[in-house]
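Accompanying notes for the structure given below.
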Amino acid sequence: MSEIQKLIQNLFGKWQLSDGDVAEVLGLTDEEYELFKAGELDKPELGGKLTELLRIDRALRVIFKEPQRGYKWIRKPNDIFGGKLLWRS
């Protein structure tokens with residue numbers, strides 16, 4: 001597993017996302033996500049998504065002084081996204 005995958009898995013844990021949510025965020029099937037978790041999925045386009053997710057985390061740390069607020073924000077329905085979760089807008 002690459003370092004960025006380890007960082008992302010840790011981030012998903014902090015965001016308290018289910019495996020199904022994570023697969024949806026990454027645009028993967030459940031089977032592909034299992035391969036991703038094992039470090040066995042080779043999809044070059046994932047690199048850009050993973051980088052953007054780390055940028056979102058960094059931006060939330062700037063916005064919220066307490067990291068837990070940013071972690072919780074990810075899971076809250078938001079009016080900006082039509083009352084949906086960020087990745088389901």
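If you're wondering about the labels, chains in the structure tokens are A, B, ... by order shown, residues count from 1 in each chain, ligands from 1 in order shown.
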
So which residues touch stretch 69-74 of chain A within 8 Å, counting only C-alpha atoms, skipping near sequence neighbours fewer than 5 positions away, as a list in words?
-> Lys14, Trp15, Gln16, Asp57, Leu60, Arg61, Ile63, Phe64, Leu85 and Leu86 of chain A

Looking only at alpha helix (DSSP H) from DSSP on the backbone, list the matching residues of chain A as a PyMOL selection string.
-> chain A and resi 3-15+19-26+30-37+46-63+67-75

Output of the above residues as an mmCIF file, in the first residue's frame, restricted to C-alpha atoms:
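Wrote it out as result.cif, contents follow:
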data_model
loop_
_atom_site.group_PDB
_atom_site.id
_atom_site.type_symbol
_atom_site.label_atom_id
_atom_site.label_comp_id
_atom_site.auth_asym_id
_atom_site.auth_seq_id
_atom_site.Cartn_x
_atom_site.Cartn_y
_atom_site.Cartn_z
ATOM 1 C CA GLU A 3 1.898 6.217 1.570
ATOM 2 C CA ILE A 4 -0.950 8.253 0.081
ATOM 3 C CA GLN A 5 -3.290 5.269 0.438
ATOM 4 C CA LYS A 6 -2.310 4.979 4.112
ATOM 5 C CA LEU A 7 -2.964 8.692 4.625
ATOM 6 C CA ILE A 8 -6.337 8.430 2.897
ATOM 7 C CA GLN A 9 -7.388 5.341 4.872
ATOM 8 C CA ASN A 10 -6.512 7.211 8.073
ATOM 9 C CA LEU A 11 -8.476 10.231 6.863
ATOM 10 C CA PHE A 12 -11.540 8.127 6.044
ATOM 11 C CA GLY A 13 -11.337 6.729 9.564
ATOM 12 C CA LYS A 14 -11.307 10.242 11.031
ATOM 13 C CA TRP A 15 -14.243 11.177 8.807
ATOM 14 C CA ASP A 19 -16.688 1.205 3.417
ATOM 15 C CA GLY A 20 -19.694 1.784 1.146
ATOM 16 C CA ASP A 21 -19.351 5.560 1.508
ATOM 17 C CA VAL A 22 -15.634 5.395 0.774
ATOM 18 C CA ALA A 23 -16.214 3.276 -2.319
ATOM 19 C CA GLU A 24 -18.782 5.831 -3.477
ATOM 20 C CA VAL A 25 -16.443 8.773 -2.810
ATOM 21 C CA LEU A 26 -13.693 7.078 -4.805
ATOM 22 C CA ASP A 30 -17.213 -2.713 -3.509
ATOM 23 C CA GLU A 31 -14.838 -5.265 -5.026
ATOM 24 C CA GLU A 32 -12.492 -2.552 -6.305
ATOM 25 C CA TYR A 33 -12.524 -0.895 -2.896
ATOM 26 C CA GLU A 34 -11.484 -4.166 -1.225
ATOM 27 C CA LEU A 35 -8.564 -4.346 -3.658
ATOM 28 C CA PHE A 36 -7.750 -0.681 -2.908
ATOM 29 C CA LYS A 37 -7.681 -1.375 0.843
ATOM 30 C CA LEU A 46 -7.296 7.418 -8.377
ATOM 31 C CA GLY A 47 -4.123 9.408 -7.726
ATOM 32 C CA GLY A 48 -5.842 12.681 -8.591
ATOM 33 C CA LYS A 49 -8.878 11.870 -6.442
ATOM 34 C CA LEU A 50 -6.714 10.955 -3.471
ATOM 35 C CA THR A 51 -4.748 14.184 -3.805
ATOM 36 C CA GLU A 52 -7.950 16.235 -3.937
ATOM 37 C CA LEU A 53 -9.281 14.515 -0.812
ATOM 38 C CA LEU A 54 -6.111 15.469 1.048
ATOM 39 C CA ARG A 55 -6.587 19.062 -0.167
ATOM 40 C CA ILE A 56 -10.165 19.047 1.154
ATOM 41 C CA ASP A 57 -8.873 17.894 4.533
ATOM 42 C CA ARG A 58 -6.243 20.636 4.530
ATOM 43 C CA ALA A 59 -8.868 23.275 3.646
ATOM 44 C CA LEU A 60 -11.140 22.088 6.453
ATOM 45 C CA ARG A 61 -8.235 22.437 8.889
ATOM 46 C CA VAL A 62 -7.887 26.064 7.821
ATOM 47 C CA ILE A 63 -11.621 26.730 8.172
ATOM 48 C CA PRO A 67 -10.042 19.276 13.539
ATOM 49 C CA GLN A 68 -13.046 17.320 14.878
ATOM 50 C CA ARG A 69 -15.400 19.977 13.482
ATOM 51 C CA GLY A 70 -13.972 19.444 10.003
ATOM 52 C CA TYR A 71 -14.233 15.678 10.354
ATOM 53 C CA LYS A 72 -17.894 16.000 11.355
ATOM 54 C CA TRP A 73 -18.644 18.518 8.567
ATOM 55 C CA ILE A 74 -17.856 15.869 5.950
ATOM 56 C CA ARG A 75 -20.733 13.694 7.221
#

Expressed in Å, the length from atom CA of A:Glu45 to atom CA of A:Leu28 is 11.3 Å

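Reported to one decimal place, the separation of atom CA of A:Ile80 from atom CA of A:Thr29 is 26.9 Å.
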